[in-house]
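**Student:** So that you have it, the file is work29.csv, and it contains CSV, C-alpha atoms:
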chain,number,residue,atom,x,y,z
A,220,MET,CA,3.6,-24.5,10.2
A,221,THR,CA,-0.2,-24.3,9.8
A,222,ALA,CA,-2.4,-22.7,7.2
A,223,GLY,CA,-5.8,-21.4,7.7
A,224,PRO,CA,-8.6,-19.6,5.8
A,225,ALA,CA,-7.9,-16.5,3.7
A,226,GLY,CA,-4.2,-17.3,3.4
A,227,ALA,CA,-3.4,-17.5,7.1
A,228,VAL,CA,0.0,-18.8,7.9
A,229,GLY,CA,1.8,-19.4,11.2
A,230,ASN,CA,0.7,-20.6,14.6
A,231,ALA,CA,-3.1,-20.4,14.8
A,232,GLU,CA,-3.1,-20.5,18.6
A,233,ASP,CA,-4.3,-17.2,20.3
A,234,GLY,CA,-5.7,-16.1,16.9
A,235,GLY,CA,-2.2,-15.4,15.8
A,236,ALA,CA,-2.0,-16.8,12.2
A,237,TYR,CA,-0.7,-14.1,9.8
A,238,ARG,CA,-3.3,-13.4,7.2
A,239,MET,CA,-1.7,-13.0,3.7
A,240,ALA,CA,-3.3,-10.4,1.4
A,241,PRO,CA,-6.6,-11.8,-0.2
A,242,GLY,CA,-6.0,-12.4,-3.8
A,243,ALA,CA,-2.2,-12.4,-3.6
A,244,SER,CA,-0.7,-14.3,-6.5
A,245,PRO,CA,1.7,-17.2,-5.9
A,246,VAL,CA,5.1,-16.6,-7.6
A,247,LYS,CA,8.3,-18.6,-7.6
A,248,GLY,CA,11.4,-16.5,-7.5
A,249,ALA,CA,14.3,-17.6,-9.7
A,250,THR,CA,17.8,-18.6,-8.6
A,251,THR,CA,19.4,-16.2,-11.2
A,252,ALA,CA,18.7,-12.7,-12.3
A,253,GLY,CA,18.3,-13.7,-16.0
A,254,ASP,CA,15.4,-16.0,-15.1
A,255,ALA,CA,13.7,-13.6,-12.7
A,256,PRO,CA,9.9,-13.8,-13.2
A,257,PRO,CA,8.2,-10.4,-13.9
A,258,LEU,CA,6.0,-8.8,-11.3
A,259,ALA,CA,3.2,-6.4,-12.1
A,260,GLU,CA,2.0,-4.0,-9.3
A,261,GLY,CA,0.2,-6.0,-6.6
A,262,MET,CA,0.7,-8.6,-4.0
A,263,TYR,CA,2.5,-12.0,-4.2
A,264,THR,CA,3.4,-14.9,-2.0
A,265,ASP,CA,6.5,-17.1,-2.1
A,266,SER,CA,8.7,-19.0,0.4
A,267,ILE,CA,12.4,-19.0,1.0
A,268,LYS,CA,14.9,-21.3,2.7
A,269,PRO,CA,17.8,-20.3,4.9
A,270,GLY,CA,20.8,-18.9,3.0
A,271,ALA,CA,18.9,-18.7,-0.3
A,272,THR,CA,18.5,-15.7,-2.7
A,273,LYS,CA,15.5,-15.3,-5.0
A,274,TYR,CA,15.2,-13.0,-8.0
A,275,TYR,CA,12.2,-11.1,-9.4
A,276,SER,CA,12.0,-8.5,-12.1
A,277,ILE,CA,10.0,-5.3,-12.7
A,278,GLU,CA,9.6,-2.9,-15.6
A,279,LEU,CA,9.9,0.8,-14.6
A,280,ASP,CA,9.4,4.1,-16.4
A,281,ASP,CA,11.7,7.1,-16.0
A,282,ALA,CA,9.6,9.1,-13.6
A,283,SER,CA,7.8,7.0,-11.0
A,284,SER,CA,9.1,5.9,-7.6
A,285,ALA,CA,8.9,2.1,-7.1
A,286,TYR,CA,8.8,0.0,-3.9
A,287,VAL,CA,9.0,-3.7,-3.5
A,288,SER,CA,8.7,-5.0,0.0
A,289,ALA,CA,9.3,-8.5,1.3
A,290,ILE,CA,7.9,-9.7,4.7
A,291,ALA,CA,9.0,-13.0,6.1
A,292,VAL,CA,6.5,-14.8,8.2
A,293,PRO,CA,8.2,-17.4,10.5
A,294,ARG,CA,6.1,-19.7,12.6
A,295,GLU,CA,4.8,-17.8,15.6
A,296,GLY,CA,6.8,-18.6,18.7
A,297,SER,CA,9.7,-20.3,16.8
A,298,VAL,CA,13.3,-19.5,17.8
A,299,PRO,CA,15.3,-18.1,14.9
A,300,GLY,CA,19.1,-18.3,14.4
A,301,ALA,CA,21.1,-15.2,15.4
A,302,GLN,CA,21.8,-14.3,11.7
A,303,ASP,CA,18.5,-15.4,10.3
A,304,GLY,CA,16.3,-12.7,8.7
A,305,ILE,CA,15.3,-11.2,5.4
A,306,GLY,CA,16.9,-8.8,3.0
A,307,VAL,CA,15.7,-7.0,-0.1
A,308,SER,CA,17.5,-5.0,-2.8
A,309,MET,CA,16.7,-3.5,-6.2
A,310,LEU,CA,19.3,-3.5,-9.0
A,311,THR,CA,19.8,-2.3,-12.5
A,312,GLU,CA,20.3,-5.0,-15.1
A,313,ASP,CA,24.0,-4.5,-14.9
A,314,GLY,CA,24.0,-5.0,-11.1
A,315,ARG,CA,24.1,-1.4,-9.7
A,316,ARG,CA,22.0,-0.9,-6.6
A,317,CYS,CA,19.0,1.5,-6.4
A,318,GLY,CA,18.8,3.1,-3.0
A,319,LEU,CA,19.6,1.2,0.1
A,320,GLY,CA,19.6,-2.6,0.3
A,321,ARG,CA,17.8,-3.4,3.6
A,322,ARG,CA,18.3,-6.4,5.8
A,323,ARG,CA,16.4,-7.3,9.0
A,324,THR,CA,17.3,-10.0,11.4
A,325,PHE,CA,14.6,-11.7,13.4
A,326,ALA,CA,16.9,-11.5,16.5
A,327,ALA,CA,17.1,-7.7,16.2
A,328,GLN,CA,13.3,-7.5,16.1
A,329,GLY,CA,13.3,-9.4,19.4
A,330,GLY,CA,11.7,-12.6,18.2
A,331,ALA,CA,10.4,-14.6,15.3
A,332,TYR,CA,7.9,-11.9,14.3
A,333,PRO,CA,6.8,-10.9,10.8
A,334,THR,CA,9.9,-9.1,9.6
A,335,GLY,CA,11.0,-7.4,6.4
A,336,ASP,CA,11.5,-4.1,4.6
A,337,TYR,CA,11.4,-2.7,1.1
A,338,ALA,CA,13.8,-1.9,-1.8
A,339,GLU,CA,13.2,1.3,-3.7
A,340,ARG,CA,13.8,3.2,-6.9
A,341,VAL,CA,13.4,7.0,-6.4
A,342,VAL,CA,14.2,8.9,-9.6
A,343,GLU,CA,17.1,11.4,-9.1
A,344,PRO,CA,18.6,13.6,-11.9
A,345,ARG,CA,22.1,12.0,-11.6
A,346,GLY,CA,21.0,8.7,-10.1
A,347,VAL,CA,22.1,5.4,-11.5
A,348,CYS,CA,18.5,4.1,-11.5
A,349,ARG,CA,16.8,7.0,-13.3
A,350,SER,CA,16.3,5.3,-16.7
A,351,ALA,CA,13.3,3.3,-17.8
A,352,GLY,CA,13.8,-0.4,-18.3
A,353,ARG,CA,14.0,-3.8,-16.5
A,354,TYR,CA,15.1,-3.9,-12.9
A,355,VAL,CA,15.9,-6.9,-10.7
A,356,VAL,CA,14.7,-7.4,-7.1
A,357,THR,CA,16.6,-9.8,-4.8
A,358,VAL,CA,15.2,-11.3,-1.6
A,359,THR,CA,17.8,-13.0,0.6
A,360,ARG,CA,17.4,-15.0,3.7
A,361,GLY,CA,20.0,-15.2,6.4
A,362,GLU,CA,21.6,-18.4,7.8
A,363,ALA,CA,19.5,-20.4,10.2
A,364,THR,CA,22.4,-21.6,12.4
A,365,GLY,CA,21.1,-22.1,16.0
A,366,GLY,CA,17.4,-21.9,14.9
A,367,GLY,CA,14.8,-23.4,12.6
A,368,SER,CA,15.9,-24.5,9.1
A,369,ALA,CA,12.5,-24.7,7.4
A,370,ALA,CA,11.5,-22.5,4.6
A,371,VAL,CA,9.4,-19.5,5.6
A,372,PRO,CA,6.5,-17.9,3.7
A,373,ILE,CA,7.2,-14.4,2.3
A,374,GLU,CA,4.7,-11.8,1.2
A,375,LEU,CA,5.8,-9.5,-1.6
A,376,ALA,CA,4.2,-6.1,-2.4
A,377,TYR,CA,5.1,-4.0,-5.5
A,378,MET,CA,3.7,-0.5,-5.8
A,379,SER,CA,4.5,2.5,-8.0
A,380,GLU,CA,4.1,6.1,-6.9
A,381,PRO,CA,3.7,8.8,-9.6
A,382,ALA,CA,6.2,11.6,-9.9
A,383,VAL,CA,5.4,15.0,-8.4
A,384,ARG,CA,5.5,18.4,-10.1
A,385,LYS,CA,8.9,20.1,-9.7
A,386,GLY,CA,9.0,22.7,-7.0
A,387,THR,CA,6.2,21.0,-4.9
A,388,GLU,CA,8.4,18.5,-3.1
A,389,GLY,CA,8.7,20.7,0.0
A,390,SER,CA,11.5,20.5,2.5
A,391,PRO,CA,12.8,17.6,4.6
A,392,ALA,CA,11.7,17.3,8.2
A,393,ALA,CA,14.1,19.0,10.7
A,394,GLY,CA,16.4,16.7,12.7
A,395,GLY,CA,18.5,13.6,12.1
A,396,LYS,CA,20.1,11.0,14.2
A,397,GLY,CA,19.6,11.8,17.8
A,398,MET,CA,17.9,15.1,16.9
A,399,PRO,CA,14.3,16.2,17.6
A,400,GLY,CA,13.1,15.3,14.1
A,401,ALA,CA,14.2,11.6,14.3
A,402,ALA,CA,12.2,8.7,15.5
A,403,ARG,CA,13.5,8.0,18.9
A,404,GLU,CA,12.6,6.5,22.2
A,405,SER,CA,10.7,8.8,24.5
A,406,ALA,CA,10.8,8.6,28.3
A,407,ALA,CA,7.3,10.0,28.8
A,408,SER,CA,4.0,8.9,27.4
A,409,PRO,CA,2.9,11.1,24.4
A,410,PRO,CA,-0.1,13.3,24.9
A,411,VAL,CA,-3.3,12.2,23.3
A,412,THR,CA,-4.0,15.2,21.0
A,413,SER,CA,-7.4,14.3,19.5
A,414,GLY,CA,-10.0,11.6,19.4
A,415,GLY,CA,-9.2,10.6,22.9
A,416,ALA,CA,-11.9,8.1,23.4
A,417,GLU,CA,-10.7,4.7,24.6
A,418,GLN,CA,-10.8,2.1,21.9
A,419,ASN,CA,-10.8,-1.7,22.3
A,420,ALA,CA,-9.1,-3.6,19.6
A,421,GLU,CA,-7.2,-6.8,19.7
A,422,GLY,CA,-5.3,-5.8,16.6
A,423,GLY,CA,-4.7,-7.6,13.3
A,424,THR,CA,-2.4,-10.5,12.6
A,425,GLY,CA,-0.4,-8.5,10.0
A,426,PHE,CA,-0.4,-5.6,7.6
A,427,ASN,CA,-3.4,-6.8,5.6
A,428,ASP,CA,-5.9,-7.0,8.5
A,429,ALA,CA,-4.4,-4.3,10.9
A,430,ALA,CA,-7.0,-2.8,13.2
A,431,ASP,CA,-7.9,0.8,12.2
A,432,VAL,CA,-7.4,3.1,15.1
A,433,ARG,CA,-7.1,6.9,15.7
A,434,ALA,CA,-5.4,9.2,18.1
A,435,GLY,CA,-6.3,8.3,21.6
A,436,SER,CA,-5.9,5.1,23.7
A,437,VAL,CA,-6.3,1.6,22.6
A,438,LYS,CA,-6.6,-1.5,24.9
A,439,GLY,CA,-5.5,-4.9,23.7
A,440,SER,CA,-3.6,-8.0,24.6
A,441,VAL,CA,-1.1,-10.3,22.9
A,442,GLY,CA,0.2,-13.8,23.8
A,443,PRO,CA,3.8,-14.8,24.0
A,444,GLY,CA,5.3,-15.1,20.5
A,445,GLY,CA,2.5,-13.0,19.0
A,446,THR,CA,2.3,-9.6,17.3
A,447,ARG,CA,-0.7,-7.3,17.0
A,448,PHE,CA,-1.0,-4.8,14.2
A,449,TYR,CA,-2.7,-1.4,14.2
A,450,ARG,CA,-3.1,1.2,11.5
A,451,VAL,CA,-3.3,4.9,12.0
A,452,PRO,CA,-3.5,7.7,9.4
A,453,VAL,CA,-0.8,10.4,9.4
A,454,GLY,CA,-1.0,13.5,7.1
A,455,TRP,CA,1.7,15.5,5.4
A,456,GLY,CA,3.5,17.6,8.1
A,457,GLN,CA,2.2,15.5,11.0
A,458,ARG,CA,4.2,13.5,13.4
A,459,LEU,CA,3.2,10.3,15.3
A,460,ARG,CA,3.9,9.6,19.0
A,461,VAL,CA,3.2,6.2,20.4
A,462,THR,CA,3.5,4.6,23.9
A,463,ALA,CA,2.8,1.0,24.7
A,464,GLU,CA,2.1,0.3,28.4
A,465,PHE,CA,2.5,-3.4,29.0
A,466,GLY,CA,0.5,-4.5,32.1
A,467,ALA,CA,1.4,-6.9,34.9
A,468,VAL,CA,0.5,-10.5,34.7
A,469,PRO,CA,0.5,-13.4,37.2
A,470,ALA,CA,3.8,-15.3,37.1
A,471,GLY,CA,4.6,-18.7,38.5
A,472,SER,CA,8.0,-17.4,39.7
A,473,ALA,CA,10.4,-14.5,39.3
A,474,PHE,CA,11.8,-14.2,35.7
A,475,HIS,CA,13.4,-11.7,33.4
A,476,ALA,CA,12.9,-12.0,29.6
A,477,ALA,CA,15.5,-9.9,27.7
A,478,ASN,CA,13.7,-8.2,24.8
A,479,GLY,CA,10.5,-9.6,26.3
A,480,VAL,CA,8.3,-6.9,24.8
A,481,ARG,CA,8.4,-4.9,21.6
A,482,LEU,CA,6.9,-1.8,20.0
A,483,ALA,CA,7.6,-1.1,16.3
A,484,LEU,CA,6.3,1.2,13.6
A,485,SER,CA,6.3,0.7,9.8
A,486,ASN,CA,5.4,3.2,7.1
A,487,THR,CA,2.9,3.0,4.3
A,488,ALA,CA,5.2,0.9,2.0
A,489,ARG,CA,6.1,-1.5,4.8
A,490,GLY,CA,9.4,0.2,5.6
A,491,LEU,CA,10.6,0.0,9.2
A,492,VAL,CA,10.5,3.4,10.9
A,493,ALA,CA,11.5,2.3,14.4
A,494,ASN,CA,11.8,-0.8,16.6
A,495,ARG,CA,11.9,-0.7,20.4
A,496,ASN,CA,12.6,-3.8,22.6
A,497,GLY,CA,12.6,-3.9,26.4
A,498,GLY,CA,13.0,-6.5,29.1
A,499,TYR,CA,9.9,-7.9,30.8
A,500,GLN,CA,9.4,-9.4,34.2
A,501,GLY,CA,5.7,-9.7,34.3
A,502,LYS,CA,5.5,-6.2,35.8
A,503,PRO,CA,4.4,-2.9,34.1
A,504,LYS,CA,6.7,-1.9,31.3
A,505,VAL,CA,6.6,1.2,29.0
A,506,LEU,CA,8.1,1.5,25.5
A,507,SER,CA,7.7,4.8,23.5
A,508,LEU,CA,8.7,6.3,20.2
A,509,GLU,CA,8.1,9.5,18.2
A,510,THR,CA,8.7,10.3,14.5
A,511,ALA,CA,9.7,13.2,12.4
A,512,PRO,CA,6.9,15.0,10.5
A,513,ALA,CA,5.9,13.2,7.3
A,514,ALA,CA,7.4,15.0,4.3
A,515,TYR,CA,7.8,13.9,0.7
A,516,ALA,CA,11.3,15.5,0.7
A,517,ASN,CA,12.5,13.2,3.5
A,518,ARG,CA,13.4,10.7,0.8
A,519,LEU,CA,15.7,13.2,-0.8
A,520,GLY,CA,17.2,15.0,2.1
A,521,ALA,CA,21.0,14.5,2.5
A,522,GLY,CA,22.3,13.6,6.0
A,523,LEU,CA,18.9,12.4,7.4
A,524,ASP,CA,18.9,9.3,9.4
A,525,ALA,CA,17.0,6.2,8.3
A,526,ALA,CA,14.1,6.8,10.6
A,527,THR,CA,13.5,10.3,9.3
A,528,ARG,CA,13.8,9.1,5.7
A,529,ALA,CA,11.2,6.5,6.4
A,530,MET,CA,8.7,9.3,7.2
A,531,ARG,CA,8.3,10.0,3.5
A,532,PHE,CA,4.6,9.3,3.0
A,533,ALA,CA,1.3,10.7,4.2
A,534,GLY,CA,-1.0,7.7,4.8
A,535,ALA,CA,-1.3,4.6,6.9
A,536,TYR,CA,1.4,3.8,9.5
A,537,TYR,CA,1.5,0.4,11.1
A,538,ILE,CA,2.0,0.0,14.9
A,539,GLN,CA,3.1,-3.4,16.0
A,540,VAL,CA,3.0,-4.8,19.6
A,541,SER,CA,4.8,-8.0,20.4
A,542,VAL,CA,5.6,-10.3,23.3
A,543,ASN,CA,8.7,-12.6,23.1
A,544,PRO,CA,8.1,-16.3,23.0
A,545,ALA,CA,10.5,-16.6,25.9
A,546,VAL,CA,7.7,-15.3,28.1
A,547,ALA,CA,5.7,-18.5,27.4
A,548,GLY,CA,5.4,-20.6,30.4
A,549,LYS,CA,6.4,-17.8,32.7
A,550,VAL,CA,3.1,-16.0,32.8
A,551,SER,CA,-0.6,-17.0,32.7
A,552,GLY,CA,-2.4,-16.1,29.5
A,553,SER,CA,-1.8,-13.1,27.3
A,554,VAL,CA,-0.1,-9.8,28.3
A,555,PRO,CA,-2.5,-6.8,28.4
A,556,PHE,CA,-1.3,-3.5,27.0
A,557,THR,CA,-2.6,0.0,26.4
A,558,LEU,CA,-1.5,2.0,23.3
A,559,ARG,CA,-1.5,5.8,23.7
A,560,ILE,CA,-1.4,7.4,20.2
A,561,GLY,CA,-0.8,11.1,19.4
A,562,VAL,CA,-0.9,12.6,15.9
A,563,GLU,CA,0.5,16.1,16.2
A,564,GLY,CA,0.2,19.0,13.8
A,565,GLU,CA,-2.3,20.1,11.2
A,566,PRO,CA,-2.0,18.3,7.9
A,567,ASP,CA,-0.2,20.2,5.1
A,568,LYS,CA,-1.2,20.2,1.4
A,569,GLY,CA,1.6,18.0,0.4
A,570,PRO,CA,3.2,17.6,-3.1
A,571,GLU,CA,1.3,17.9,-6.4
A,572,TYR,CA,1.4,14.8,-8.5
A,573,ALA,CA,2.3,15.2,-12.2
A,574,LYS,CA,-0.6,12.8,-13.2
A,575,ASP,CA,-3.6,11.2,-11.7
A,576,PRO,CA,-2.3,9.1,-8.8
A,577,GLY,CA,-5.2,6.7,-9.2
A,578,GLU,CA,-5.4,4.4,-6.1
A,579,PHE,CA,-3.0,6.7,-4.3
A,580,GLY,CA,-5.5,9.6,-4.3
A,581,GLY,CA,-8.5,10.1,-2.1
A,582,GLY,CA,-7.2,8.3,1.0
A,583,MET,CA,-8.3,4.8,0.0
A,584,LEU,CA,-6.7,1.5,1.1
A,585,PRO,CA,-7.8,-2.1,0.6
A,586,LEU,CA,-8.2,-4.2,3.7
A,587,ALA,CA,-9.0,-7.8,4.4
A,588,GLY,CA,-12.4,-8.2,6.1
A,589,ASP,CA,-15.0,-5.6,7.2
A,590,GLY,CA,-15.6,-6.2,10.9
A,591,MET,CA,-15.4,-3.0,12.9
A,592,GLY,CA,-14.9,-3.2,16.6
A,593,PRO,CA,-15.9,-0.8,19.4
A,594,GLY,CA,-14.9,2.8,19.1
A,595,GLY,CA,-14.5,2.6,15.3
A,596,ALA,CA,-11.5,0.3,15.5
A,597,ARG,CA,-11.2,-2.6,13.2
A,598,ASP,CA,-11.7,-5.9,15.1
A,599,GLY,CA,-8.5,-7.9,14.7
A,600,GLY,CA,-10.3,-11.2,15.7
A,601,SER,CA,-13.3,-12.8,14.1
A,602,GLY,CA,-16.0,-11.5,11.8
A,603,ARG,CA,-13.9,-10.8,8.7
A,604,SER,CA,-14.9,-11.6,5.1
A,605,ASP,CA,-12.4,-12.5,2.5
A,606,ARG,CA,-13.3,-9.6,0.2
A,607,LEU,CA,-11.5,-6.3,0.0
A,608,ARG,CA,-12.9,-3.4,1.9
A,609,LEU,CA,-12.0,0.2,0.9
A,610,VAL,CA,-11.6,2.5,3.9
A,611,GLY,CA,-11.3,6.3,3.5
A,612,TYR,CA,-9.5,8.4,6.0
A,613,ALA,CA,-10.9,12.0,6.4
A,614,GLY,CA,-8.6,14.7,7.5
A,615,VAL,CA,-5.4,13.2,6.2
A,616,GLY,CA,-4.9,16.2,4.0
A,617,THR,CA,-5.0,17.1,0.3
A,618,GLY,CA,-2.4,15.3,-1.7
A,619,SER,CA,-1.9,12.5,0.8
A,620,VAL,CA,-0.6,9.3,-0.5
A,621,LEU,CA,-2.0,6.0,0.8
A,622,LEU,CA,0.0,3.4,-1.0
A,623,LEU,CA,-2.2,0.5,-2.2
A,624,GLY,CA,-2.0,-2.6,-0.2
A,625,LEU,CA,1.2,-1.7,1.7
A,626,GLY,CA,2.4,-0.9,5.1
A,627,GLY,CA,6.1,-0.2,6.2
A,628,TRP,CA,9.8,-0.9,7.8
A,629,THR,CA,12.9,1.4,7.3
A,630,LEU,CA,16.0,1.5,9.6
A,631,ALA,CA,18.7,0.7,7.1
A,632,ALA,CA,21.1,-2.0,8.1
A,633,ARG,CA,24.2,-2.8,6.1
A,634,ARG,CA,24.9,-6.2,7.7
A,635,TRP,CA,22.8,-9.0,9.0
A,636,LYS,CA,23.6,-8.5,12.7
A,637,SER,CA,22.0,-5.2,13.7
What's the structure tokens form of this structure?
**Tutor:**
Amino acid sequence: MTAGPAGAVGNAEDGGAYRMAPGASPVKGATTAGDAPPLAEGMYTDSIKPGATKYYSIELDDASSAYVSAIAVPREGSVPGAQDGIGVSMLTEDGRRCGLGRRRTFAAQGGAYPTGDYAERVVEPRGVCRSAGRYVVTVTRGEATGGGSAAVPIELAYMSEPAVRKGTEGSPAAGGKGMPGAARESAASPPVTSGGAEQNAEGGTGFNDAADVRAGSVKGSVGPGGTRFYRVPVGWGQRLRVTAEFGAVPAGSAFHAANGVRLALSNTARGLVANRNGGYQGKPKVLSLETAPAAYANRLGAGLDAATRAMRFAGAYYIQVSVNPAVAGKVSGSVPFTLRIGVEGEPDKGPEYAKDPGEFGGGMLPLAGDGMGPGGARDGGSGRSDRLRLVGYAGVGTGSVLLLGLGGWTLAARRWKS
């Protein structure tokens, strides 16, 4: 494990070190719920060993929604055990779960990539987590059998979203599992609906320095074991369609890497929306996905699949492009790719918040660094400063929520092996 400037962790080769949030506070999770250190809204760093569970606590009111995400950052290119991964849950003091507990295995993601999800408290009239008080967040790591046994850094993000005025929640997006509204793999490349100019951006190392992009095409490259992050705004009522076209590369001999390439999407609160893996042979390969329209009521809709429920925010969505470390030694250099991004539909007004949403209003998000690349894309490579930069998104729509400092991952799994 290496560490670099501005909180970078991971393998620094190919510019791939994950950049932790500037100003994130170190915290040491407890081994019991009673000793759980309190978290205020913001960003934190910790580490966790295989098979361990860490406890943290938060104080909640009786109206706001709360999200605590945990992103594990294994060494880039490392080989994880089949059951290794990260899980996060939120509980009442008497041990009742709020929402879904989410677990992500590194193997299911296709490699040792930055992996995680969030736990949530959404106030519901008859919900067990509707009361104000102390809540406990648990972060659990899977067993490392067959892989590396070292502790991995984790990045925690806690955010609170104000309540909305009754009657303005709107309706859930149409669709469910396997239906038109759900995030699913698409056989064809999505149309570029606006802002079709080609953008060149190598992408960021993580959620905190993701390259800002817009609808259109984006050219980049990523080395074996690496992941590139891109951030695109999506308004209320809009859906996102993304295709990653991986290019051909010179290979010393014929090979086939199962789950050799990956395309993933996370929401504003770092909840997983969709994850696509595909085999790679050094030849062109296409992976695609599309989402349900973003709707506040997706979090409340009964019978919706996890991918649709993840489309609960207007704001930043995070595209991730990865190449499996198994490709190392098979090809020469990095793998080029082209992202084709479509944002469909006119933005709706969205819900009305019961009080000033503060940092969630006005389409503002903090970012690490301020270097902008060609075509208006944020340069994922050099030229960043360590200060926070506020970036406004025009056209996201009135009432849009850009959740401070967060990004997204939400396909709920009830067991480690998914």
**Student:** Please list as a ChimeraX atom specification every residue within 9 Å of Gly366 of chain A, counting all atoms listed in the file and excluding residues in the same chain fewer than 3 positions away.
**Tutor:** /A:297-301,303,362-363
**Student:** Return the single residue from A:Thr357, A:Ser284, A:Asn496, A:Thr510 that is closest to Gly314 of chain A, with distances computed using all atoms listed in the file.
**Tutor:** A:Thr357
**Student:** Pick from A:Ala467, A:Met378, A:Ala259, A:Leu319: nearest to Ala529 of chain A, with all atoms listed in the file counted?
**Tutor:**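 Between A:Ala467, A:Met378, A:Ala259, A:Leu319, the residue approaching Ala529 of chain A most closely is A:Leu319.
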**Student:** May I ask which of the residues A:Val437, A:Ala526, A:Ile538, A:Ala514 is the closest one to Arg559 of chain A, counting only C-alpha atoms?
**Tutor:**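 Closest to Arg559 of chain A, using only C-alpha atoms: A:Val437.
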**Student:** May I ask for the distance between atom CA of Gly471 of chain A and atom CA of Ala331 of chain A, given in Å to one decimal place?
**Tutor:**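 Result for atom CA of Gly471 of chain A versus atom CA of Ala331 of chain A: 24.3 Å, one decimal.
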**Student:** Looking at only C-alpha atoms, which of A:Asn543, A:Thr334, A:Gln418, A:Ser379 is the one that sits closest to His475 of chain A?
**Tutor:**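 Looking only at the distances to His475 of chain A, the closest residue turns out to be A:Asn543.
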**Student:** Can you measure atom CA of Gly422 of chain A to atom CA of Val480 of chain A for me? One decimal in Å is fine.
**Tutor:** 15.9 Å
**Student:** Which polymer residues have any atom within 9 Å of an atom of Val453 of chain A, counting all atoms listed in the file, with same-chain residues fewer than 2 positions away left out, as a PyMOL selection string?
**Tutor:** chain A and resi 451+455-459+513+532-536+562-563+566+615-616+619
**Student:** Given the choices A:Tyr337, A:Tyr263, A:Tyr449, A:Phe325, which gets closest to Ser436 of chain A if the distance is worked out from all atoms listed in the file?
**Tutor:** A:Tyr449
**Student:** Would you work out the distance separating atom CA of Arg481 of chain A from atom CA of Gly329 of chain A, expressed in Å to one decimal?
**Tutor:** 7.0 Å
**Student:** Using all atoms listed in the file, give me every residue within 10 Å of (3.4, -3.9, -10.8) in file coordinates, as a PDB file with C-alpha atoms, keeping the file's coordinate frame.
**Tutor:**
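Okay, out-v5.pdb is ready:
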ATOM      1  CA  PRO A 257       8.200 -10.400 -13.900  1.00  0.00           C
ATOM      2  CA  LEU A 258       6.000  -8.800 -11.300  1.00  0.00           C
ATOM      3  CA  ALA A 259       3.200  -6.400 -12.100  1.00  0.00           C
ATOM      4  CA  GLU A 260       2.000  -4.000  -9.300  1.00  0.00           C
ATOM      5  CA  GLY A 261       0.200  -6.000  -6.600  1.00  0.00           C
ATOM      6  CA  MET A 262       0.700  -8.600  -4.000  1.00  0.00           C
ATOM      7  CA  SER A 276      12.000  -8.500 -12.100  1.00  0.00           C
ATOM      8  CA  ILE A 277      10.000  -5.300 -12.700  1.00  0.00           C
ATOM      9  CA  GLU A 278       9.600  -2.900 -15.600  1.00  0.00           C
ATOM     10  CA  LEU A 279       9.900   0.800 -14.600  1.00  0.00           C
ATOM     11  CA  ALA A 285       8.900   2.100  -7.100  1.00  0.00           C
ATOM     12  CA  TYR A 286       8.800   0.000  -3.900  1.00  0.00           C
ATOM     13  CA  VAL A 287       9.000  -3.700  -3.500  1.00  0.00           C
ATOM     14  CA  ALA A 376       4.200  -6.100  -2.400  1.00  0.00           C
ATOM     15  CA  TYR A 377       5.100  -4.000  -5.500  1.00  0.00           C
ATOM     16  CA  MET A 378       3.700  -0.500  -5.800  1.00  0.00           C
ATOM     17  CA  SER A 379       4.500   2.500  -8.000  1.00  0.00           C
TER      18      SER A 379
END
